[in-house]
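Pasting protein.txt here (compact mmCIF, C-alpha atoms and all ligand atoms):
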```txt
# COMPACT_ATOMS: atom_id res chain seq x y z
CA MET L 1 -109.18 -22.64 -105.09
CA VAL L 2 -105.94 -21.74 -103.33
CA GLU L 3 -105.45 -18.32 -101.76
CA ILE L 4 -101.90 -17.02 -101.66
CA THR L 5 -100.91 -16.74 -98.00
CA ASN L 6 -99.10 -13.52 -97.00
CA ALA L 7 -100.15 -12.12 -100.37
CA ALA L 8 -98.88 -8.62 -99.55
CA GLU L 9 -95.40 -9.93 -98.68
CA VAL L 10 -95.27 -12.22 -101.70
CA GLN L 11 -96.32 -9.31 -103.91
CA LYS L 12 -93.54 -7.16 -102.42
CA SER L 13 -90.78 -9.66 -103.09
CA LEU L 14 -92.13 -10.45 -106.56
CA VAL L 15 -92.19 -6.75 -107.45
CA GLU L 16 -88.51 -6.55 -106.43
CA ILE L 17 -87.73 -9.42 -108.79
CA TYR L 18 -89.81 -7.77 -111.50
CA HIS L 19 -87.98 -4.44 -111.16
CA HIS L 20 -84.62 -6.20 -111.33
CA LEU L 21 -85.63 -8.10 -114.48
CA HIS L 22 -86.99 -4.92 -116.05
CA GLN L 23 -83.73 -3.09 -115.34
CA HIS L 24 -81.65 -5.86 -116.89
CA PRO L 25 -83.37 -6.97 -120.11
CA GLU L 26 -81.56 -9.31 -122.51
CA LEU L 27 -82.15 -10.04 -126.17
CA SER L 28 -83.34 -13.34 -127.63
CA ASP L 29 -80.80 -16.13 -127.20
CA HIS L 30 -78.70 -13.98 -124.84
CA GLU L 31 -80.79 -14.33 -121.68
CA PHE L 32 -77.80 -15.40 -119.54
CA GLU L 33 -78.25 -13.20 -116.44
CA THR L 34 -82.01 -13.64 -116.63
CA SER L 35 -81.59 -17.42 -116.61
CA ALA L 36 -79.09 -17.18 -113.73
CA LEU L 37 -81.55 -15.16 -111.66
CA ILE L 38 -84.37 -17.64 -112.36
CA ARG L 39 -82.13 -20.57 -111.40
CA SER L 40 -81.03 -18.92 -108.16
CA LYS L 41 -84.61 -18.18 -107.07
CA LEU L 42 -85.75 -21.72 -107.89
CA LYS L 43 -82.80 -23.21 -105.98
CA GLU L 44 -83.57 -20.96 -103.01
CA TRP L 45 -87.08 -22.45 -102.89
CA GLY L 46 -85.89 -26.03 -103.35
CA VAL L 47 -87.17 -26.54 -106.89
CA SER L 48 -85.11 -29.12 -108.78
CA LEU L 49 -83.65 -27.85 -112.03
CA THR L 50 -83.76 -30.11 -115.07
CA GLU L 51 -80.51 -30.66 -116.96
CA THR L 52 -80.74 -29.12 -120.38
CA GLN L 53 -78.79 -28.58 -123.58
CA LEU L 54 -80.45 -25.17 -123.97
CA LYS L 55 -77.98 -22.28 -124.17
CA THR L 56 -80.36 -20.00 -122.27
CA GLY L 57 -83.68 -20.55 -120.52
CA VAL L 58 -84.44 -22.69 -117.50
CA ILE L 59 -86.42 -25.93 -117.13
CA ALA L 60 -87.47 -27.16 -113.72
CA GLU L 61 -89.88 -29.67 -112.27
CA ILE L 62 -91.89 -29.92 -109.10
CA ASN L 63 -92.73 -33.55 -108.41
CA SER L 64 -95.44 -34.39 -105.90
CA GLY L 65 -94.00 -37.90 -105.63
CA GLN L 66 -97.46 -39.25 -106.35
CA GLU L 67 -98.75 -40.70 -109.60
CA GLY L 68 -100.57 -38.15 -111.76
CA PRO L 69 -100.43 -36.05 -114.93
CA THR L 70 -97.73 -33.54 -115.88
CA ILE L 71 -98.76 -29.95 -116.45
CA ALA L 72 -96.26 -27.58 -118.07
CA LEU L 73 -96.26 -23.84 -117.41
CA ARG L 74 -94.49 -21.62 -119.86
CA ALA L 75 -93.12 -18.10 -119.48
CA ASP L 76 -91.05 -16.45 -122.21
CA ILE L 77 -88.03 -14.52 -120.95
CA ASP L 78 -86.48 -12.39 -123.73
CA ALA L 79 -86.58 -8.63 -124.35
CA LEU L 80 -86.56 -6.44 -127.48
CA PRO L 81 -84.07 -4.12 -129.22
CA ILE L 82 -85.93 -0.95 -128.15
CA GLN L 83 -84.62 2.10 -126.26
CA GLU L 84 -86.95 2.56 -123.29
CA THR L 85 -88.63 5.98 -122.89
CA THR L 86 -90.86 5.30 -119.84
CA LYS L 87 -88.88 7.33 -117.23
CA LEU L 88 -89.72 4.64 -114.66
CA ALA L 89 -87.40 4.53 -111.63
CA PHE L 90 -86.58 0.95 -112.61
CA ALA L 91 -86.21 1.61 -116.35
CA SER L 92 -83.83 -0.52 -118.42
CA GLN L 93 -80.14 -0.06 -117.68
CA ASN L 94 -79.15 -1.88 -120.86
CA ALA L 95 -78.96 0.69 -123.66
CA GLY L 96 -81.20 -0.11 -126.59
CA ILE L 97 -82.79 -3.13 -124.93
CA MET L 98 -86.16 -3.19 -123.19
CA HIS L 99 -88.70 -5.59 -121.79
CA ALA L 100 -91.33 -4.02 -124.05
CA CYS L 101 -93.42 -7.17 -124.41
CA GLY L 102 -93.97 -7.82 -120.71
CA HIS L 103 -91.96 -11.03 -120.60
CA ASP L 104 -90.50 -9.77 -117.29
CA ILE L 105 -94.05 -9.93 -115.89
CA HIS L 106 -94.41 -13.48 -117.24
CA ILE L 107 -91.15 -14.61 -115.60
CA THR L 108 -92.15 -13.03 -112.28
CA ALA L 109 -95.62 -14.58 -112.30
CA LEU L 110 -94.20 -18.04 -113.02
CA LEU L 111 -91.53 -17.61 -110.33
CA GLY L 112 -94.35 -16.58 -107.98
CA ALA L 113 -96.17 -19.80 -108.85
CA ALA L 114 -93.01 -21.83 -108.14
CA TYR L 115 -92.79 -20.05 -104.78
CA VAL L 116 -96.40 -20.93 -103.89
CA PHE L 117 -96.05 -24.54 -105.08
CA THR L 118 -93.03 -25.07 -102.85
CA GLN L 119 -93.57 -22.79 -99.86
CA GLN L 120 -97.30 -23.29 -99.27
CA PRO L 121 -98.58 -26.66 -98.05
CA LEU L 122 -100.49 -27.93 -101.09
CA ASP L 123 -101.85 -31.35 -101.77
CA PHE L 124 -101.58 -32.49 -105.38
CA LYS L 125 -100.71 -35.54 -107.43
CA GLY L 126 -98.49 -35.43 -110.50
CA LYS L 127 -95.76 -33.15 -111.77
CA ILE L 128 -95.48 -29.49 -112.63
CA ARG L 129 -92.91 -28.58 -115.26
CA LEU L 130 -91.71 -24.99 -115.37
CA ILE L 131 -90.54 -23.78 -118.77
CA PHE L 132 -88.74 -20.44 -118.74
CA GLN L 133 -88.44 -20.23 -122.50
CA PRO L 134 -85.77 -18.20 -124.31
CA SER L 135 -85.99 -16.45 -127.64
CA GLU L 136 -89.73 -16.05 -128.19
CA GLU L 137 -89.29 -12.78 -130.08
CA ALA L 138 -87.01 -14.55 -132.55
CA ASN L 139 -89.62 -17.29 -133.02
CA GLU L 140 -87.03 -19.88 -132.09
CA GLY L 141 -87.30 -20.60 -128.39
CA ALA L 142 -90.31 -22.92 -128.30
CA LEU L 143 -88.75 -25.15 -130.95
CA GLN L 144 -85.44 -25.15 -129.06
CA VAL L 145 -87.29 -26.29 -125.92
CA ILE L 146 -89.18 -28.97 -127.85
CA ASP L 147 -86.04 -30.17 -129.67
CA ALA L 148 -84.27 -30.46 -126.32
CA GLY L 149 -87.03 -32.87 -125.26
CA HIS L 150 -88.65 -30.72 -122.59
CA ALA L 151 -92.21 -31.07 -123.91
CA LYS L 152 -92.07 -34.86 -123.63
CA GLY L 153 -94.44 -36.47 -121.17
CA VAL L 154 -96.49 -33.30 -120.74
CA ASP L 155 -100.29 -33.71 -120.67
CA ALA L 156 -101.24 -30.04 -120.98
CA ILE L 157 -99.53 -26.65 -121.10
CA LEU L 158 -100.53 -23.21 -119.87
CA GLY L 159 -99.21 -19.88 -121.12
CA LEU L 160 -99.93 -16.28 -120.25
CA HIS L 161 -99.30 -12.97 -122.01
CA VAL L 162 -99.80 -9.42 -120.79
CA LYS L 163 -102.61 -7.50 -122.45
CA PRO L 164 -102.57 -3.69 -122.37
CA GLY L 165 -105.92 -1.89 -122.46
CA LYS L 166 -107.63 -4.45 -120.21
CA PRO L 167 -108.32 -3.88 -116.48
CA VAL L 168 -105.41 -4.83 -114.21
CA GLY L 169 -105.60 -8.49 -113.21
CA ASN L 170 -108.53 -9.41 -115.43
CA ILE L 171 -107.81 -12.52 -117.49
CA GLY L 172 -108.80 -13.13 -121.11
CA ILE L 173 -109.44 -16.63 -122.39
CA ARG L 174 -110.75 -17.73 -125.73
CA ALA L 175 -111.37 -21.26 -126.96
CA GLY L 176 -109.96 -21.93 -130.43
CA TYR L 177 -107.77 -19.52 -132.39
CA VAL L 178 -106.26 -16.58 -130.47
CA ALA L 179 -103.21 -15.52 -132.50
CA GLY L 180 -102.16 -15.98 -136.10
CA SER L 181 -99.67 -18.13 -137.95
CA ILE L 182 -96.64 -16.45 -139.52
CA ASP L 183 -95.24 -17.01 -142.99
CA LYS L 184 -92.64 -14.86 -144.72
CA PHE L 185 -91.98 -14.54 -148.43
CA ASN L 186 -89.30 -13.12 -150.62
CA VAL L 187 -89.75 -12.85 -154.39
CA THR L 188 -87.01 -12.10 -156.92
CA ILE L 189 -88.09 -11.04 -160.40
CA GLU L 190 -85.56 -11.23 -163.18
CA GLY L 191 -85.86 -9.61 -166.60
CA THR L 192 -83.51 -8.05 -169.15
CA GLU L 193 -81.77 -4.78 -168.31
CA THR L 194 -82.16 -1.97 -170.80
CA HIS L 195 -81.82 1.81 -171.29
CA ALA L 196 -84.81 3.71 -169.92
CA ALA L 197 -85.30 5.21 -173.37
CA HIS L 198 -85.42 1.73 -174.99
CA PRO L 199 -87.84 -0.34 -172.93
CA ASP L 200 -88.61 -2.42 -176.03
CA GLN L 201 -85.04 -3.81 -175.87
CA GLY L 202 -85.56 -5.45 -172.48
CA THR L 203 -88.20 -6.79 -170.10
CA ASP L 204 -89.26 -4.38 -167.37
CA VAL L 205 -89.17 -5.97 -163.92
CA ILE L 206 -90.52 -2.86 -162.20
CA VAL L 207 -93.77 -2.84 -164.16
CA ALA L 208 -94.12 -6.57 -163.54
CA LEU L 209 -93.39 -6.18 -159.82
CA THR L 210 -95.91 -3.38 -159.24
CA ASP L 211 -98.65 -5.33 -161.00
CA ILE L 212 -97.86 -8.50 -159.06
CA VAL L 213 -97.86 -6.65 -155.72
CA GLY L 214 -101.21 -5.09 -156.62
CA ALA L 215 -102.68 -8.43 -157.68
CA LEU L 216 -101.55 -10.10 -154.43
CA GLN L 217 -103.91 -7.78 -152.57
CA THR L 218 -106.84 -9.55 -154.20
CA ILE L 219 -106.05 -12.82 -152.39
CA ILE L 220 -107.44 -11.61 -149.07
CA SER L 221 -110.27 -9.58 -150.57
CA ARG L 222 -111.35 -12.04 -153.33
CA ASN L 223 -110.25 -15.55 -152.36
CA VAL L 224 -110.33 -15.85 -148.56
CA GLU L 225 -113.75 -16.33 -147.00
CA PRO L 226 -115.00 -12.87 -145.91
CA THR L 227 -115.51 -13.89 -142.26
CA SER L 228 -111.99 -15.35 -141.89
CA SER L 229 -109.08 -13.32 -140.50
CA ALA L 230 -106.06 -13.00 -142.74
CA VAL L 231 -103.47 -10.39 -143.70
CA LEU L 232 -100.96 -10.27 -146.55
CA SER L 233 -98.52 -7.37 -146.28
CA VAL L 234 -95.75 -6.52 -148.74
CA THR L 235 -93.24 -4.60 -146.65
CA GLU L 236 -90.04 -4.29 -148.71
CA LEU L 237 -89.31 -3.42 -152.35
CA HIS L 238 -85.85 -3.25 -153.89
CA ALA L 239 -85.02 -2.39 -157.51
CA GLY L 240 -82.77 -0.23 -159.62
CA THR L 241 -79.50 1.67 -159.39
CA ALA L 242 -79.97 4.66 -161.69
CA TRP L 243 -82.75 6.90 -163.01
CA ASN L 244 -82.10 6.00 -166.63
CA ILE L 245 -81.67 2.22 -166.47
CA ILE L 246 -84.47 -0.34 -166.34
CA PRO L 247 -82.87 -2.86 -163.95
CA ARG L 248 -82.38 -6.58 -164.46
CA THR L 249 -83.84 -7.62 -161.10
CA ALA L 250 -86.39 -6.46 -158.56
CA THR L 251 -87.33 -8.04 -155.26
CA PHE L 252 -90.11 -7.75 -152.74
CA SER L 253 -90.75 -9.33 -149.34
CA GLY L 254 -93.52 -9.49 -146.83
CA THR L 255 -95.56 -11.65 -144.54
CA VAL L 256 -98.82 -13.57 -144.31
CA ARG L 257 -100.72 -13.80 -140.98
CA VAL L 258 -103.78 -15.96 -140.75
CA LEU L 259 -105.83 -17.90 -138.19
CA GLY L 260 -107.07 -20.98 -140.07
CA LYS L 261 -104.93 -23.80 -141.52
CA LYS L 262 -107.14 -24.08 -144.62
CA GLU L 263 -106.82 -20.36 -145.33
CA ARG L 264 -103.07 -20.49 -144.77
CA GLU L 265 -102.76 -23.13 -147.51
CA LEU L 266 -105.13 -21.30 -149.87
CA ILE L 267 -103.16 -18.05 -149.61
CA ARG L 268 -99.89 -19.80 -150.39
CA THR L 269 -101.42 -21.52 -153.42
CA ARG L 270 -102.95 -18.33 -154.82
CA PHE L 271 -99.70 -16.47 -154.14
CA LYS L 272 -97.76 -18.95 -156.27
CA GLU L 273 -100.37 -18.84 -159.06
CA LEU L 274 -100.44 -15.04 -159.28
CA VAL L 275 -96.66 -14.61 -159.14
CA SER L 276 -95.87 -17.31 -161.68
CA GLN L 277 -98.66 -16.52 -164.13
CA LEU L 278 -98.26 -12.75 -164.03
CA SER L 279 -94.51 -13.00 -164.42
CA ALA L 280 -95.05 -15.28 -167.41
CA ALA L 281 -97.46 -12.72 -168.85
CA TYR L 282 -94.79 -10.02 -168.48
CA ARG L 283 -92.06 -12.33 -169.84
CA VAL L 284 -89.96 -12.13 -166.69
CA ASN L 285 -88.84 -14.93 -164.35
CA ALA L 286 -89.88 -15.03 -160.73
CA LYS L 287 -88.41 -17.05 -157.89
CA ILE L 288 -90.41 -17.38 -154.67
CA ASP L 289 -88.72 -18.14 -151.33
CA TRP L 290 -91.39 -19.04 -148.83
CA TYR L 291 -90.53 -19.39 -145.14
CA VAL L 292 -93.03 -21.33 -143.06
CA GLY L 293 -93.12 -19.84 -139.57
CA ASP L 294 -95.03 -20.63 -136.41
CA PRO L 295 -98.56 -22.03 -136.58
CA ALA L 296 -101.54 -20.15 -135.13
CA VAL L 297 -102.14 -20.17 -131.38
CA TYR L 298 -105.06 -22.54 -130.87
CA ASN L 299 -106.57 -23.06 -127.43
CA ASP L 300 -107.98 -26.51 -126.78
CA PRO L 301 -111.78 -25.98 -126.38
CA ASP L 302 -112.24 -28.42 -123.45
CA LEU L 303 -109.24 -27.12 -121.51
CA SER L 304 -110.32 -23.53 -122.19
CA GLU L 305 -113.68 -24.20 -120.51
CA ILE L 306 -111.96 -25.65 -117.44
CA VAL L 307 -109.48 -22.76 -117.23
CA LYS L 308 -112.28 -20.22 -117.68
CA ASP L 309 -114.26 -21.80 -114.89
CA GLU L 310 -111.30 -21.96 -112.50
CA THR L 311 -110.02 -18.45 -113.34
CA GLY L 312 -113.51 -17.03 -112.75
CA LYS L 313 -113.16 -18.03 -109.08
CA PHE L 314 -110.39 -15.49 -108.40
CA THR L 315 -110.73 -12.76 -111.02
CA LYS L 316 -112.90 -11.34 -113.77
CA VAL L 317 -112.64 -13.26 -117.02
CA PHE L 318 -113.08 -11.60 -120.41
CA GLU L 319 -113.28 -13.13 -123.87
CA SER L 320 -109.99 -12.50 -125.70
CA HIS L 321 -110.16 -11.33 -129.30
CA ALA L 322 -108.45 -13.40 -131.95
CA GLU L 323 -105.57 -11.35 -133.38
CA LEU L 324 -103.02 -11.74 -136.14
CA GLY L 325 -100.03 -11.14 -133.91
CA SER L 326 -98.18 -14.36 -133.12
CA ASP L 327 -96.58 -16.31 -130.27
CA ASP L 328 -94.42 -19.40 -130.59
CA PHE L 329 -96.46 -20.92 -127.75
CA SER L 330 -98.36 -22.38 -130.73
CA CYS L 331 -95.47 -24.81 -131.32
CA TYR L 332 -96.29 -26.60 -128.05
CA GLN L 333 -99.98 -26.63 -128.97
CA GLU L 334 -99.15 -28.52 -132.16
CA LEU L 335 -97.99 -31.36 -129.88
CA LEU L 336 -100.27 -31.18 -126.86
CA PRO L 337 -103.40 -29.38 -125.67
CA GLY L 338 -102.81 -25.97 -124.17
CA VAL L 339 -104.36 -22.69 -123.14
CA TYR L 340 -102.78 -19.30 -123.82
CA ALA L 341 -104.48 -16.59 -121.76
CA HIS L 342 -104.20 -12.80 -121.59
CA LEU L 343 -103.44 -10.87 -118.40
CA GLY L 344 -104.88 -7.34 -118.23
CA VAL L 345 -102.18 -4.80 -117.29
CA GLY L 346 -104.23 -1.59 -117.49
CA ASP L 347 -104.04 1.45 -119.72
CA THR L 348 -100.53 1.65 -121.06
CA GLY L 349 -98.96 1.86 -124.50
CA GLN L 350 -99.02 -1.20 -126.72
CA VAL L 351 -96.44 -3.96 -126.45
CA HIS L 352 -93.27 -3.45 -128.55
CA HIS L 353 -93.44 0.31 -127.86
CA SER L 354 -90.77 2.25 -125.97
CA ASP L 355 -93.33 3.63 -123.49
CA PHE L 356 -94.92 0.29 -122.58
CA ALA L 357 -95.39 0.24 -118.80
CA PRO L 358 -97.66 -2.54 -117.56
CA ASP L 359 -99.20 -2.28 -114.08
CA GLU L 360 -97.21 -4.55 -111.75
CA ASN L 361 -100.31 -5.13 -109.61
CA ALA L 362 -101.34 -7.69 -112.22
CA ILE L 363 -98.48 -10.03 -111.20
CA LEU L 364 -100.30 -11.64 -108.30
CA THR L 365 -103.26 -12.55 -110.53
CA GLY L 366 -100.76 -14.09 -112.92
CA VAL L 367 -99.49 -16.22 -110.03
CA SER L 368 -103.06 -17.29 -109.18
CA TYR L 369 -103.68 -18.15 -112.83
CA TYR L 370 -100.71 -20.51 -112.95
CA VAL L 371 -101.26 -22.02 -109.48
CA ASN L 372 -105.01 -22.60 -109.52
CA ASN L 373 -105.31 -23.78 -113.09
CA THR L 374 -102.41 -26.19 -112.61
CA LEU L 375 -103.98 -27.70 -109.51
CA ARG L 376 -107.34 -27.94 -111.28
CA LEU L 377 -105.86 -29.59 -114.39
CA LEU L 378 -103.86 -32.05 -112.27
CA GLU L 379 -107.24 -33.14 -110.87
CA GLU L 380 -109.17 -33.05 -114.14
CA LEU L 381 -106.60 -34.93 -116.23
CA ARG L 382 -106.05 -37.82 -113.81
ZN ZN L 401 -93.40 -9.52 -128.34
ZN ZN L 402 -94.54 -11.25 -125.98
```
Would you kindly transcribe this structure into C-alpha cells?
Amino acid sequence: MVEITNAAEVQKSLVEIYHHLHQHPELSDHEFETSALIRSKLKEWGVSLTETQLKTGVIAEINSGQEGPTIALRADIDALPIQETTKLAFASQNAGIMHACGHDIHITALLGAAYVFTQQPLDFKGKIRLIFQPSEEANEGALQVIDAGHAKGVDAILGLHVKPGKPVGNIGIRAGYVAGSIDKFNVTIEGTETHAAHPDQGTDVIVALTDIVGALQTIISRNVEPTSSAVLSVTELHAGTAWNIIPRTATFSGTVRVLGKKERELIRTRFKELVSQLSAAYRVNAKIDWYVGDPAVYNDPDLSEIVKDETGKFTKVFESHAELGSDDFSCYQELLPGVYAHLGVGDTGQVHHSDFAPDENAILTGVSYYVNNTLRLLEELR
C-alpha cells in the first residue's frame, strides 16, 4: 500500500481545487471551464493528454513505459440545474447551477490520484487511463466516451461516488448489482371525443388510462419475484381541455428502475400486455414509446474482492446497499469488468438537494482509493 507523502499539503491544494470547482459548476455537456481546469492541472504535473473528439471532458494516460495492463479511472464532472442553498463560503457562483451530486469531489480525488502517480516515485507496469467524463446526469457521457474509443484496450475500470450518511472517508463496496437500470416510457391512448353528457357516443380515454395505470402497479407486486428490487413509477398524466368534453387523447409517462436483466425484460413484456389488452378491452388505441436507458451498475465479483481487500488496508470498508438510482458508469461495465464504490461524506443532505454539502475531508481517501486499487490491479491483472 502507498501512503501519500506530504498528505497535509496535498489535502490543502486539493481542497483549493475542490472549492474552485464547487464555485464554478457547469451543466451536462457544457463543462468547458471544468475541462480547462482539469487539463491545466494535468499538464502542470506532466500527464499526457489524449486527443479526443469529445466536446467536453478530458482523457489522459499515464504510461509506465513497461508492458502491463491498462486500468481506467473514471470521474464524472457535470453539475445540476439546482440553486444552491448551503451558505458555504465557496458556494456556487453560477446562478441556478450546483455541484449537488458531488462530482466536484470525484474530479478532485481523481486529480489527486494523477498528482500522486506523477509526483511520487512509484514503481508499476502498465498504463493508467484517466477518464474525466462529461454529462453523467444526462445519461450521455459514458456512451460519448465509449463512442470516441476511449474504453478500448482497458482491462478494468474503477469508479467512485460520494455517499451521504456514511462516515467520512469510509468506502462502500458491493459485489454484483449496486444501482438500477433506467427505462422510460410514454403511452398515448386514443379514443373518440364526445360530449361529457353523451359518453355512449365516444370512447373514454380517461377511464381507460386510469385503469391501465392502476393495473401497471400489479407488475411489481404480482409478477416480479418478491425478493427482487424493481420500481415502476407513472409520473406524468395529460388529458383534456374542458370540463364538459371527454377528450380524444390521453397520455402518461414514467420510468422503470430494476436491478436484474431478467426482471427488466419481464416488466417490459407485462407492460406491453397490460396496455395493449386493456386498451382493446376499452375499445381505445394505445401507442407505447419505450426508451431503453442505461443498464444496471454491476460490480465484477472477483475485482470487488480485490478492491475490498486493498481498500481495507487504508480505511474502513462497508457493504454498499443496492439501490434503484442509476449511474452511466454501467455502460463501461457492459464492456469490461469494473468496480463502482461509494465514498462516505458524512451527515449531509441527500445528493440532488440544494443543501448537499459533503465533507471535503473525504477527498484524500478518494485519492487513496484510486491510487492503491490501481496499483493493486496492475499487479493482479498482469
Ligand atoms: Zn446525480
Ligand atoms: Zn452523481
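Comparing the minimum interatomic distances between Ser181 of chain L and each of L:Glu273, L:Asp328, L:Asp300, L:Asp211, counting all atoms listed in the file, we find that L:Asp328 sits nearest.
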**OP:** Grab the atom CA of Glu380 of chain L to atom CA of Leu303 of chain L distance for me, in Å with one decimal place.
**Re:**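 We find that atom CA of Glu380 of chain L and atom CA of Leu303 of chain L lie 9.5 Å from each other.
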**OP:** Residues within 7 Å of ligand ZN 402 (chain L) should be enumerated using all atoms listed in the file and returned as number ranges by chain.
**Re:** L: 101-103, 137, 161, 327
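Every residue having at least one atom no farther than 10 Å from ligand ZN 401 (chain L) is included below, with all atoms listed in the file taken into account: Asp76, Asp78, Ala79, Leu80, His99, Ala100, Cys101, Gly102, His103, Glu136, Glu137, Ala138, Asn139, His161, Val162, Gly325, Ser326, Asp327, Val351, His352 and His353 of chain L.
Distances here use all atoms listed in the file; by that measure, the residue among L:Asp289, L:Val275, L:Trp243, L:Glu61 closest to Gly214 of chain L is L:Val275.
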Subject >> Counting only C-alpha atoms, the residue of L:Ala341, L:Val2, L:Leu216, L:Ala357 that sits nearest Leu122 of chain L >> reply: L:Val2
**OP:** State, in Å with one decimal place, the distance from atom CA of Pro301 of chain L to atom CA of Leu160 of chain L.
**Re:**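 Those two atoms sit 16.5 Å apart.
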Would you compute an axis-aligned box for segment 334-347 of chain L, covering every atom listed for it in the file with 3 Å of margin on each side, and report centre and edge lengths in Å to one decimal as JSON?
```
{"center_x": -101.4, "center_y": -15.0, "center_z": -124.7, "size_x": 12.9, "size_y": 38.8, "size_z": 20.9}
```
Excluding same-chain residues fewer than 5 positions from segment 82-84 of chain L, what lies within 12 Å of it counting all atoms listed in the file, as a PDB file with C-alpha atoms, in the frame of the given file?
```pdb
ATOM      1  CA  HIS L  22     -86.990  -4.920-116.050  1.00  0.00           C
ATOM      2  CA  GLN L  23     -83.730  -3.090-115.340  1.00  0.00           C
ATOM      3  CA  HIS L  24     -81.650  -5.860-116.890  1.00  0.00           C
ATOM      4  CA  PRO L  25     -83.370  -6.970-120.110  1.00  0.00           C
ATOM      5  CA  GLU L  26     -81.560  -9.310-122.510  1.00  0.00           C
ATOM      6  CA  LEU L  27     -82.150 -10.040-126.170  1.00  0.00           C
ATOM      7  CA  ALA L  89     -87.400   4.530-111.630  1.00  0.00           C
ATOM      8  CA  PHE L  90     -86.580   0.950-112.610  1.00  0.00           C
ATOM      9  CA  ALA L  91     -86.210   1.610-116.350  1.00  0.00           C
ATOM     10  CA  SER L  92     -83.830  -0.520-118.420  1.00  0.00           C
ATOM     11  CA  GLN L  93     -80.140  -0.060-117.680  1.00  0.00           C
ATOM     12  CA  ASN L  94     -79.150  -1.880-120.860  1.00  0.00           C
ATOM     13  CA  ALA L  95     -78.960   0.690-123.660  1.00  0.00           C
ATOM     14  CA  GLY L  96     -81.200  -0.110-126.590  1.00  0.00           C
ATOM     15  CA  ILE L  97     -82.790  -3.130-124.930  1.00  0.00           C
ATOM     16  CA  MET L  98     -86.160  -3.190-123.190  1.00  0.00           C
ATOM     17  CA  HIS L  99     -88.700  -5.590-121.790  1.00  0.00           C
ATOM     18  CA  ALA L 100     -91.330  -4.020-124.050  1.00  0.00           C
ATOM     19  CA  CYS L 101     -93.420  -7.170-124.410  1.00  0.00           C
ATOM     20  CA  VAL L 351     -96.440  -3.960-126.450  1.00  0.00           C
ATOM     21  CA  HIS L 352     -93.270  -3.450-128.550  1.00  0.00           C
ATOM     22  CA  HIS L 353     -93.440   0.310-127.860  1.00  0.00           C
ATOM     23  CA  SER L 354     -90.770   2.250-125.970  1.00  0.00           C
ATOM     24  CA  ASP L 355     -93.330   3.630-123.490  1.00  0.00           C
ATOM     25  CA  PHE L 356     -94.920   0.290-122.580  1.00  0.00           C
ATOM     26  CA  ALA L 357     -95.390   0.240-118.800  1.00  0.00           C
TER      27      ALA L 357
END
```
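Atom CA of Phe314 of chain L is positioned 12.5 Å from atom CA of Ala362 of chain L.
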Subject >> Close residues, Thr210 of chain L itself excluded, 12 Å, only C-alpha atoms, min 2 positions apart in chain, as a PyMOL selection string >> reply: chain L and resi 189+204-208+212-217+234+237-239+250-252+275+278-279+282
**OP:** Find the residues near Glu319 of chain L: any atom within 8 Å, counting only C-alpha atoms, skip ones fewer than 6 places away on the same chain, and give them as a PyMOL selection string.
**Re:** chain L and resi 172-174
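Distances from L:Thr311, L:Ser35, L:Ser228, L:Thr374 to Pro69 of chain L were compared using all atoms listed in the file, and the smallest one belongs to L:Thr374.
Shortest separation to Ala142 of chain L among L:Thr365, L:Ser28, L:Asn6, L:Thr269 occurs at residue L:Ser28, atoms counted being all atoms listed in the file.
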